[in-house]
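For reference, upload-v4.cif is printed below; it contains mmCIF, C-alpha atoms.
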data_model
loop_
_atom_site.group_PDB
_atom_site.id
_atom_site.type_symbol
_atom_site.label_atom_id
_atom_site.label_comp_id
_atom_site.auth_asym_id
_atom_site.auth_seq_id
_atom_site.Cartn_x
_atom_site.Cartn_y
_atom_site.Cartn_z
ATOM 1 C CA MET A 1 -2.978 -78.043 10.617
ATOM 2 C CA ARG A 2 -2.849 -77.134 14.282
ATOM 3 C CA ILE A 3 -0.665 -74.054 14.661
ATOM 4 C CA VAL A 4 0.456 -72.496 17.950
ATOM 5 C CA ILE A 5 1.488 -68.829 17.914
ATOM 6 C CA ALA A 6 3.599 -67.273 20.669
ATOM 7 C CA GLY A 7 2.706 -63.626 21.175
ATOM 8 C CA GLY A 8 -0.848 -64.347 20.110
ATOM 9 C CA HIS A 9 -2.168 -60.838 20.805
ATOM 10 C CA GLY A 10 0.425 -59.033 18.704
ATOM 11 C CA GLN A 11 -0.686 -57.004 15.706
ATOM 12 C CA ILE A 12 0.794 -59.431 13.184
ATOM 13 C CA ALA A 13 -0.324 -62.480 15.182
ATOM 14 C CA LEU A 14 -3.988 -61.403 15.283
ATOM 15 C CA ARG A 15 -3.963 -60.899 11.515
ATOM 16 C CA LEU A 16 -2.310 -64.298 11.042
ATOM 17 C CA GLU A 17 -4.831 -65.989 13.314
ATOM 18 C CA ARG A 18 -7.695 -64.638 11.200
ATOM 19 C CA LEU A 19 -6.084 -65.852 7.982
ATOM 20 C CA LEU A 20 -5.308 -69.315 9.329
ATOM 21 C CA SER A 21 -8.685 -69.863 10.967
ATOM 22 C CA HIS A 22 -10.501 -68.710 7.815
ATOM 23 C CA ALA A 23 -8.398 -71.223 5.868
ATOM 24 C CA GLY A 24 -9.668 -74.005 8.136
ATOM 25 C CA HIS A 25 -6.648 -74.439 10.387
ATOM 26 C CA GLU A 26 -6.880 -74.924 14.149
ATOM 27 C CA VAL A 27 -5.038 -72.036 15.801
ATOM 28 C CA ALA A 28 -3.967 -71.404 19.379
ATOM 29 C CA GLY A 29 -2.381 -68.170 20.551
ATOM 30 C CA ILE A 30 -0.241 -67.859 23.676
ATOM 31 C CA ILE A 31 -1.039 -64.670 25.591
ATOM 32 C CA ARG A 32 0.116 -63.154 28.866
ATOM 33 C CA SER A 33 -3.194 -61.631 30.001
ATOM 34 C CA PRO A 34 -6.621 -63.319 30.179
ATOM 35 C CA GLU A 35 -8.177 -59.996 29.123
ATOM 36 C CA GLN A 36 -6.688 -60.494 25.656
ATOM 37 C CA GLY A 37 -8.602 -63.742 25.136
ATOM 38 C CA ALA A 38 -11.702 -62.136 23.598
ATOM 39 C CA ASP A 39 -9.639 -60.611 20.777
ATOM 40 C CA LEU A 40 -8.156 -64.020 19.951
ATOM 41 C CA ARG A 41 -11.531 -65.720 19.968
ATOM 42 C CA GLU A 42 -12.843 -63.013 17.633
ATOM 43 C CA ALA A 43 -9.923 -63.822 15.314
ATOM 44 C CA GLY A 44 -10.826 -67.516 15.410
ATOM 45 C CA ALA A 45 -8.017 -68.621 17.713
ATOM 46 C CA GLU A 46 -7.995 -70.478 21.020
ATOM 47 C CA PRO A 47 -6.375 -68.310 23.719
ATOM 48 C CA VAL A 48 -3.793 -69.982 25.971
ATOM 49 C CA VAL A 49 -2.677 -67.903 28.967
ATOM 50 C CA LEU A 50 1.014 -68.500 29.646
ATOM 51 C CA ASP A 51 3.867 -66.132 30.493
ATOM 52 C CA LEU A 52 6.860 -67.111 28.362
ATOM 53 C CA GLU A 53 9.183 -65.131 30.642
ATOM 54 C CA SER A 54 8.423 -67.392 33.607
ATOM 55 C CA ALA A 55 7.105 -70.641 32.075
ATOM 56 C CA SER A 56 9.145 -73.840 32.085
ATOM 57 C CA VAL A 57 9.975 -75.695 28.899
ATOM 58 C CA GLU A 58 7.630 -78.473 30.062
ATOM 59 C CA MET A 59 4.722 -76.030 30.370
ATOM 60 C CA VAL A 60 5.269 -74.662 26.879
ATOM 61 C CA ALA A 61 5.782 -78.134 25.399
ATOM 62 C CA ALA A 62 2.405 -79.160 26.829
ATOM 63 C CA VAL A 63 0.752 -76.355 24.832
ATOM 64 C CA LEU A 64 2.631 -77.430 21.681
ATOM 65 C CA GLN A 65 1.751 -81.118 22.055
ATOM 66 C CA GLY A 66 0.026 -82.347 18.885
ATOM 67 C CA ALA A 67 0.725 -79.158 16.906
ATOM 68 C CA ASP A 68 1.910 -79.251 13.303
ATOM 69 C CA ALA A 69 3.703 -75.884 13.430
ATOM 70 C CA ALA A 70 4.875 -73.223 15.859
ATOM 71 C CA VAL A 71 5.162 -69.496 15.106
ATOM 72 C CA PHE A 72 7.188 -67.180 17.318
ATOM 73 C CA ALA A 73 5.637 -63.728 16.989
ATOM 74 C CA ALA A 74 6.171 -62.475 20.549
ATOM 75 C CA GLY A 75 8.033 -59.298 21.408
ATOM 76 C CA ALA A 76 8.676 -57.119 24.425
ATOM 77 C CA GLY A 77 7.062 -54.257 22.540
ATOM 78 C CA PRO A 78 7.532 -50.488 22.596
ATOM 79 C CA GLY A 79 8.297 -48.962 25.951
ATOM 80 C CA SER A 80 10.181 -51.991 27.245
ATOM 81 C CA GLY A 81 13.793 -51.785 28.353
ATOM 82 C CA ALA A 82 16.871 -53.628 27.164
ATOM 83 C CA ASP A 83 16.433 -56.315 29.829
ATOM 84 C CA ARG A 84 13.048 -57.353 28.411
ATOM 85 C CA LYS A 85 14.402 -57.326 24.874
ATOM 86 C CA ASP A 86 16.639 -60.116 26.111
ATOM 87 C CA THR A 87 14.058 -62.041 28.151
ATOM 88 C CA VAL A 88 11.322 -61.892 25.491
ATOM 89 C CA ASP A 89 12.871 -61.310 22.079
ATOM 90 C CA ARG A 90 15.776 -63.689 22.696
ATOM 91 C CA ALA A 91 15.138 -66.017 25.639
ATOM 92 C CA ALA A 92 11.438 -66.647 24.968
ATOM 93 C CA ALA A 93 12.167 -67.492 21.327
ATOM 94 C CA VAL A 94 14.778 -70.020 22.445
ATOM 95 C CA LEU A 95 12.429 -71.432 25.095
ATOM 96 C CA PHE A 96 9.704 -71.817 22.471
ATOM 97 C CA ALA A 97 12.192 -73.645 20.219
ATOM 98 C CA ASP A 98 13.254 -75.925 23.097
ATOM 99 C CA ALA A 99 9.583 -76.697 23.768
ATOM 100 C CA ALA A 100 8.897 -77.366 20.084
ATOM 101 C CA GLU A 101 11.730 -79.878 20.020
ATOM 102 C CA ARG A 102 10.431 -81.532 23.179
ATOM 103 C CA ALA A 103 6.903 -81.741 21.705
ATOM 104 C CA ARG A 104 8.360 -82.964 18.394
ATOM 105 C CA VAL A 105 6.952 -80.048 16.416
ATOM 106 C CA ARG A 106 9.427 -79.650 13.572
ATOM 107 C CA ARG A 107 7.987 -76.663 11.704
ATOM 108 C CA TYR A 108 9.083 -73.451 13.391
ATOM 109 C CA VAL A 109 8.590 -70.000 11.862
ATOM 110 C CA VAL A 110 10.122 -66.911 13.458
ATOM 111 C CA VAL A 111 8.998 -63.312 13.015
ATOM 112 C CA SER A 112 12.340 -61.532 13.302
ATOM 113 C CA SER A 113 13.386 -58.061 12.161
ATOM 114 C CA MET A 114 15.392 -56.637 9.313
ATOM 115 C CA GLY A 115 18.818 -55.754 10.684
ATOM 116 C CA ALA A 116 18.727 -58.427 13.406
ATOM 117 C CA ASP A 117 22.336 -59.159 14.319
ATOM 118 C CA ALA A 118 23.753 -60.586 17.547
ATOM 119 C CA SER A 119 26.789 -58.305 17.205
ATOM 120 C CA HIS A 120 24.871 -55.147 16.272
ATOM 121 C CA PRO A 121 26.654 -52.143 17.833
ATOM 122 C CA GLY A 122 25.102 -49.351 19.866
ATOM 123 C CA ASP A 123 23.725 -48.555 23.309
ATOM 124 C CA GLY A 124 20.132 -47.700 22.413
ATOM 125 C CA ILE A 125 17.041 -49.768 23.156
ATOM 126 C CA PHE A 126 16.538 -50.538 19.469
ATOM 127 C CA ASP A 127 20.170 -51.659 19.263
ATOM 128 C CA ALA A 128 19.508 -54.068 22.146
ATOM 129 C CA TYR A 129 16.396 -55.284 20.311
ATOM 130 C CA LEU A 130 18.348 -56.032 17.125
ATOM 131 C CA ARG A 131 21.003 -57.889 19.127
ATOM 132 C CA ALA A 132 18.354 -59.936 20.949
ATOM 133 C CA LYS A 133 16.562 -60.842 17.715
ATOM 134 C CA GLY A 134 19.852 -61.698 16.036
ATOM 135 C CA ALA A 135 20.958 -63.931 18.904
ATOM 136 C CA ALA A 136 17.593 -65.717 18.866
ATOM 137 C CA ASP A 137 17.799 -66.229 15.107
ATOM 138 C CA ASP A 138 21.321 -67.650 15.395
ATOM 139 C CA GLU A 139 20.253 -70.073 18.116
ATOM 140 C CA ILE A 140 17.193 -71.296 16.218
ATOM 141 C CA ARG A 141 19.065 -71.640 12.925
ATOM 142 C CA SER A 142 21.527 -73.972 14.670
ATOM 143 C CA ARG A 143 18.761 -76.498 15.458
ATOM 144 C CA THR A 144 18.758 -79.609 13.284
ATOM 145 C CA ALA A 145 15.556 -80.897 14.916
ATOM 146 C CA LEU A 146 13.546 -77.924 13.611
ATOM 147 C CA ASP A 147 12.413 -77.088 10.087
ATOM 148 C CA TRP A 148 12.832 -73.380 10.725
ATOM 149 C CA THR A 149 12.168 -70.338 8.591
ATOM 150 C CA VAL A 150 13.216 -66.867 9.762
ATOM 151 C CA LEU A 151 11.225 -63.951 8.333
ATOM 152 C CA ARG A 152 12.720 -60.467 8.671
ATOM 153 C CA PRO A 153 10.191 -57.775 7.700
ATOM 154 C CA GLY A 154 11.153 -54.192 6.983
ATOM 155 C CA SER A 155 9.477 -51.174 8.615
ATOM 156 C CA LEU A 156 6.010 -52.275 9.695
ATOM 157 C CA THR A 157 3.003 -50.138 8.749
ATOM 158 C CA ASP A 158 -0.742 -50.310 9.356
ATOM 159 C CA ASP A 159 -1.520 -49.549 5.712
ATOM 160 C CA ALA A 160 -3.949 -51.938 4.052
ATOM 161 C CA GLY A 161 -2.153 -54.924 2.591
ATOM 162 C CA THR A 162 -1.688 -55.044 -1.169
ATOM 163 C CA GLY A 163 -0.746 -58.710 -1.465
ATOM 164 C CA MET A 164 2.309 -57.594 -3.444
ATOM 165 C CA VAL A 165 5.721 -58.086 -1.849
ATOM 166 C CA ARG A 166 9.431 -58.531 -2.333
ATOM 167 C CA LEU A 167 10.688 -61.629 -0.497
ATOM 168 C CA GLU A 168 14.360 -62.515 -0.866
ATOM 169 C CA ALA A 169 17.451 -63.369 1.148
ATOM 170 C CA ARG A 170 18.358 -59.664 0.837
ATOM 171 C CA THR A 171 15.851 -57.016 -0.180
ATOM 172 C CA GLY A 172 17.266 -53.789 1.213
ATOM 173 C CA ARG A 173 15.257 -51.659 3.596
ATOM 174 C CA GLY A 174 11.682 -50.616 2.997
ATOM 175 C CA PRO A 175 8.166 -50.593 4.466
ATOM 176 C CA ILE A 176 5.746 -53.509 4.611
ATOM 177 C CA PRO A 177 2.119 -53.540 5.816
ATOM 178 C CA ARG A 178 1.442 -55.880 8.722
ATOM 179 C CA ASP A 179 -1.391 -57.366 6.623
ATOM 180 C CA ASP A 180 1.153 -58.545 4.070
ATOM 181 C CA VAL A 181 3.529 -59.899 6.722
ATOM 182 C CA ALA A 182 0.691 -62.059 8.030
ATOM 183 C CA ALA A 183 -0.171 -63.218 4.512
ATOM 184 C CA VAL A 184 3.453 -64.236 3.887
ATOM 185 C CA LEU A 185 3.599 -66.106 7.209
ATOM 186 C CA ALA A 186 0.463 -68.054 6.303
ATOM 187 C CA GLU A 187 1.957 -68.942 2.934
ATOM 188 C CA LEU A 188 5.271 -69.981 4.521
ATOM 189 C CA LEU A 189 3.410 -72.346 6.847
ATOM 190 C CA ASP A 190 1.786 -73.916 3.791
ATOM 191 C CA THR A 191 5.163 -74.238 2.025
ATOM 192 C CA PRO A 192 7.484 -76.655 3.873
ATOM 193 C CA ALA A 193 10.182 -76.198 1.220
ATOM 194 C CA THR A 194 10.942 -72.777 2.734
ATOM 195 C CA ALA A 195 12.552 -74.500 5.739
ATOM 196 C CA GLY A 196 16.163 -73.479 6.291
ATOM 197 C CA LEU A 197 15.712 -70.006 4.796
ATOM 198 C CA THR A 198 16.244 -66.562 6.314
ATOM 199 C CA LEU A 199 14.175 -64.121 4.279
ATOM 200 C CA GLU A 200 13.767 -60.360 4.190
ATOM 201 C CA LEU A 201 10.377 -58.883 3.312
ATOM 202 C CA VAL A 202 9.333 -55.473 2.019
ATOM 203 C CA ALA A 203 6.540 -54.155 -0.169
ATOM 204 C CA GLY A 204 7.043 -55.066 -3.811
ATOM 205 C CA SER A 205 5.446 -56.129 -7.058
ATOM 206 C CA VAL A 206 5.146 -59.923 -6.723
ATOM 207 C CA PRO A 207 1.987 -61.639 -5.411
ATOM 208 C CA VAL A 208 2.540 -63.269 -2.003
ATOM 209 C CA SER A 209 1.943 -66.839 -3.197
ATOM 210 C CA VAL A 210 4.302 -66.394 -6.149
ATOM 211 C CA ALA A 211 6.987 -64.753 -3.990
ATOM 212 C CA VAL A 212 6.946 -67.683 -1.561
ATOM 213 C CA LYS A 213 7.029 -70.261 -4.349
ATOM 214 C CA ASP A 214 9.964 -68.410 -5.928
ATOM 215 C CA VAL A 215 12.113 -68.812 -2.808
ATOM 216 C CA ALA A 216 10.960 -72.316 -1.847
ATOM 217 C CA GLY A 217 13.669 -74.928 -2.121
ATOM 218 C CA ASN A 218 16.461 -72.360 -2.523
#
Now, as a test, write the supplied structure out as structure tokens.
Amino acid sequence: MRIVIAGGHGQIALRLERLLSHAGHEVAGIIRSPEQGADLREAGAEPVVLDLESASVEMVAAVLQGADAAVFAAGAGPGSGADRKDTVDRAAAVLFADAAERARVRRYVVVSSMGADASHPGDGIFDAYLRAKGAADDEIRSRTALDWTVLRPGSLTDDAGTGMVRLEARTGRGPIPRDDVAAVLAELLDTPATAGLTLELVAGSVPVSVAVKDVAGN
């Protein structure tokens, strides 16, 4: 498959790019800064420099042309204010979905967050982040032209992945290594029957491939 990843220099995205390229897929990662390109090439991905906060839908669709799947893994990141939570975590995800539709790329996987909710209360930056992610999820889940899957990991850690997870519609809160998030994303891309599902992910006792097969088609 050819897979295009928005937020290609993110910690989960770089791990996913390695997994996909090692599995023989053709991977492109959208990045904001040319300086990040070397890290993507090292991970086996083609870097595409494009700012999703200023790009038009036509520009993004051109990058997605001929792709088999799109993964939204971009985020404003720590240190950003509430305004960028909206322009990146919400608006860029919607733009990427609009572009996928225009390029006729049906498979669309979103890296969201546990607790994402468009009506989440609170005045803090993290509250704004959860509202932005929730609004993006709602918008994408309304699209009939996309075979979407929304993945909502728990608290992300840099611990080595175990390959053992809990993946369900509701898991309750818990940690999850970024390694294992990437492994689940790769498996979701290989499992079209997970389209239409919103899934929570935490560390658990089920092998990744089994966990994905268990939810497929539900």
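Reported to one decimal place, the separation of CA of Val208 in chain A from CA of Arg18 in chain A is 16.8 Å.
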List the residues matched by the PyMOL selection byres ((chain A and resi 102-114) around 6) in the displayed structure as a PyMOL selection string, ordered by chain and then by residue number. chain A and resi 61+65+68-73+99-101+115-116+146-154
Saved selection, atoms kept: C-alpha atoms, as a PDB file, in the frame of the given file:
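Listed below is the output, part_1.pdb:
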ATOM      1  CA  ALA A  61       5.782 -78.134  25.399  1.00  0.00           C
ATOM      2  CA  GLN A  65       1.751 -81.118  22.055  1.00  0.00           C
ATOM      3  CA  ASP A  68       1.910 -79.251  13.303  1.00  0.00           C
ATOM      4  CA  ALA A  69       3.703 -75.884  13.430  1.00  0.00           C
ATOM      5  CA  ALA A  70       4.875 -73.223  15.859  1.00  0.00           C
ATOM      6  CA  VAL A  71       5.162 -69.496  15.106  1.00  0.00           C
ATOM      7  CA  PHE A  72       7.188 -67.180  17.318  1.00  0.00           C
ATOM      8  CA  ALA A  73       5.637 -63.728  16.989  1.00  0.00           C
ATOM      9  CA  ALA A  99       9.583 -76.697  23.768  1.00  0.00           C
ATOM     10  CA  ALA A 100       8.897 -77.366  20.084  1.00  0.00           C
ATOM     11  CA  GLU A 101      11.730 -79.878  20.020  1.00  0.00           C
ATOM     12  CA  GLY A 115      18.818 -55.754  10.684  1.00  0.00           C
ATOM     13  CA  ALA A 116      18.727 -58.427  13.406  1.00  0.00           C
ATOM     14  CA  LEU A 146      13.546 -77.924  13.611  1.00  0.00           C
ATOM     15  CA  ASP A 147      12.413 -77.088  10.087  1.00  0.00           C
ATOM     16  CA  TRP A 148      12.832 -73.380  10.725  1.00  0.00           C
ATOM     17  CA  THR A 149      12.168 -70.338   8.591  1.00  0.00           C
ATOM     18  CA  VAL A 150      13.216 -66.867   9.762  1.00  0.00           C
ATOM     19  CA  LEU A 151      11.225 -63.951   8.333  1.00  0.00           C
ATOM     20  CA  ARG A 152      12.720 -60.467   8.671  1.00  0.00           C
ATOM     21  CA  PRO A 153      10.191 -57.775   7.700  1.00  0.00           C
ATOM     22  CA  GLY A 154      11.153 -54.192   6.983  1.00  0.00           C
TER      23      GLY A 154
END
I would like the residues chosen by the PyMOL selection byres ((chain A and resi 131) around 7) on the shown file; could you give them as an NGL selection string? :A and (116-120 or 127-130 or 132-135)
Spell out the residues picked by the PyMOL selection byres ((chain A and resi 94) around 12) here, as a PyMOL selection string. chain A and resi 6+52-53+56-57+60+72+74+86-93+95-101+108+110+132-143+146
Can you tell me, as a VMD selection string, what residues are no more than 9 Å from Pro47 in chain A when counting all atoms listed in the file, ignoring any on the same chain fewer than 2 positions away? chain A and resid 8 27 to 31 34 36 to 41 45 49
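Atom pair CA of Ser33 in chain A / CA of Pro78 in chain A: separated by 17.1 Å.
Residues with any atom within 10 Å of Gly174 in chain A, counting all atoms listed in the file and excluding same-chain neighbours fewer than 3 positions away, are Met114, Pro153, Gly154, Ser155, Leu156, Arg166, Thr171, Leu201, Val202, Ala203 and Gly204 of chain A.
Of note, CA of Leu20 in chain A and CA of Thr157 in chain A are spaced 20.9 Å apart.
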Residue list as a list in words for point (5.9, -61.9, -4.4), cut-off 8 Å, all atoms listed in the file: Gly163, Met164, Val165, Arg166, Leu167, Gly204, Ser205, Val206, Pro207, Val208, Ser209, Val210, Ala211, Val212 and Asp214 of chain A
With C-alpha atoms retained, could you export that selection as a PDB file, in the frame of the given file?
ATOM      1  CA  GLY A 163      -0.746 -58.710  -1.465  1.00  0.00           C
ATOM      2  CA  MET A 164       2.309 -57.594  -3.444  1.00  0.00           C
ATOM      3  CA  VAL A 165       5.721 -58.086  -1.849  1.00  0.00           C
ATOM      4  CA  ARG A 166       9.431 -58.531  -2.333  1.00  0.00           C
ATOM      5  CA  LEU A 167      10.688 -61.629  -0.497  1.00  0.00           C
ATOM      6  CA  GLY A 204       7.043 -55.066  -3.811  1.00  0.00           C
ATOM      7  CA  SER A 205       5.446 -56.129  -7.058  1.00  0.00           C
ATOM      8  CA  VAL A 206       5.146 -59.923  -6.723  1.00  0.00           C
ATOM      9  CA  PRO A 207       1.987 -61.639  -5.411  1.00  0.00           C
ATOM     10  CA  VAL A 208       2.540 -63.269  -2.003  1.00  0.00           C
ATOM     11  CA  SER A 209       1.943 -66.839  -3.197  1.00  0.00           C
ATOM     12  CA  VAL A 210       4.302 -66.394  -6.149  1.00  0.00           C
ATOM     13  CA  ALA A 211       6.987 -64.753  -3.990  1.00  0.00           C
ATOM     14  CA  VAL A 212       6.946 -67.683  -1.561  1.00  0.00           C
ATOM     15  CA  ASP A 214       9.964 -68.410  -5.928  1.00  0.00           C
TER      16      ASP A 214
END
What would range 64-80 of chain A look like with N, CA, C and O atoms in place, written as a compact mmCIF listing (two decimals), keeping the file's coordinate frame?
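The result, stored in part-v8.txt:
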# COMPACT_ATOMS: atom_id res chain seq x y z
N LEU A 64 2.25 -77.09 23.05
CA LEU A 64 2.63 -77.43 21.68
C LEU A 64 2.33 -78.89 21.32
O LEU A 64 2.41 -79.25 20.14
N GLN A 65 1.98 -79.69 22.31
CA GLN A 65 1.75 -81.12 22.06
C GLN A 65 0.67 -81.29 20.98
O GLN A 65 -0.41 -80.73 21.07
N GLY A 66 0.99 -82.07 19.94
CA GLY A 66 0.03 -82.35 18.89
C GLY A 66 -0.06 -81.28 17.81
O GLY A 66 -0.82 -81.43 16.84
N ALA A 67 0.74 -80.20 17.93
CA ALA A 67 0.72 -79.16 16.91
C ALA A 67 1.52 -79.59 15.68
O ALA A 67 2.42 -80.43 15.76
N ASP A 68 1.18 -79.01 14.55
CA ASP A 68 1.91 -79.25 13.30
C ASP A 68 2.95 -78.17 13.04
O ASP A 68 3.89 -78.38 12.26
N ALA A 69 2.77 -76.99 13.65
CA ALA A 69 3.70 -75.88 13.43
C ALA A 69 3.64 -74.93 14.61
O ALA A 69 2.62 -74.82 15.29
N ALA A 70 4.76 -74.25 14.83
CA ALA A 70 4.88 -73.22 15.86
C ALA A 70 5.36 -71.93 15.21
O ALA A 70 6.24 -71.96 14.34
N VAL A 71 4.76 -70.81 15.62
CA VAL A 71 5.16 -69.50 15.11
C VAL A 71 5.55 -68.63 16.28
O VAL A 71 4.75 -68.42 17.20
N PHE A 72 6.78 -68.10 16.27
CA PHE A 72 7.19 -67.18 17.32
C PHE A 72 6.98 -65.76 16.83
O PHE A 72 7.72 -65.27 15.97
N ALA A 73 5.96 -65.10 17.38
CA ALA A 73 5.64 -63.73 16.99
C ALA A 73 5.58 -62.82 18.21
O ALA A 73 4.99 -61.75 18.16
N ALA A 74 6.19 -63.26 19.32
CA ALA A 74 6.17 -62.48 20.55
C ALA A 74 7.25 -61.40 20.50
O ALA A 74 8.24 -61.52 19.78
N GLY A 75 7.04 -60.36 21.29
CA GLY A 75 8.03 -59.30 21.41
C GLY A 75 7.78 -58.50 22.66
O GLY A 75 6.63 -58.41 23.13
N ALA A 76 8.84 -57.92 23.21
CA ALA A 76 8.68 -57.12 24.42
C ALA A 76 7.85 -55.87 24.14
O ALA A 76 7.17 -55.35 25.02
N GLY A 77 7.90 -55.37 22.93
CA GLY A 77 7.06 -54.26 22.54
C GLY A 77 7.65 -52.90 22.88
O GLY A 77 8.64 -52.79 23.61
N PRO A 78 7.04 -51.84 22.34
CA PRO A 78 7.53 -50.49 22.60
C PRO A 78 7.40 -50.13 24.06
O PRO A 78 6.48 -50.58 24.75
N GLY A 79 8.34 -49.37 24.55
CA GLY A 79 8.30 -48.96 25.95
C GLY A 79 9.03 -49.89 26.88
O GLY A 79 9.22 -49.57 28.06
N SER A 80 9.45 -51.05 26.39
CA SER A 80 10.18 -51.99 27.24
C SER A 80 11.67 -51.67 27.20
O SER A 80 12.18 -51.12 26.23
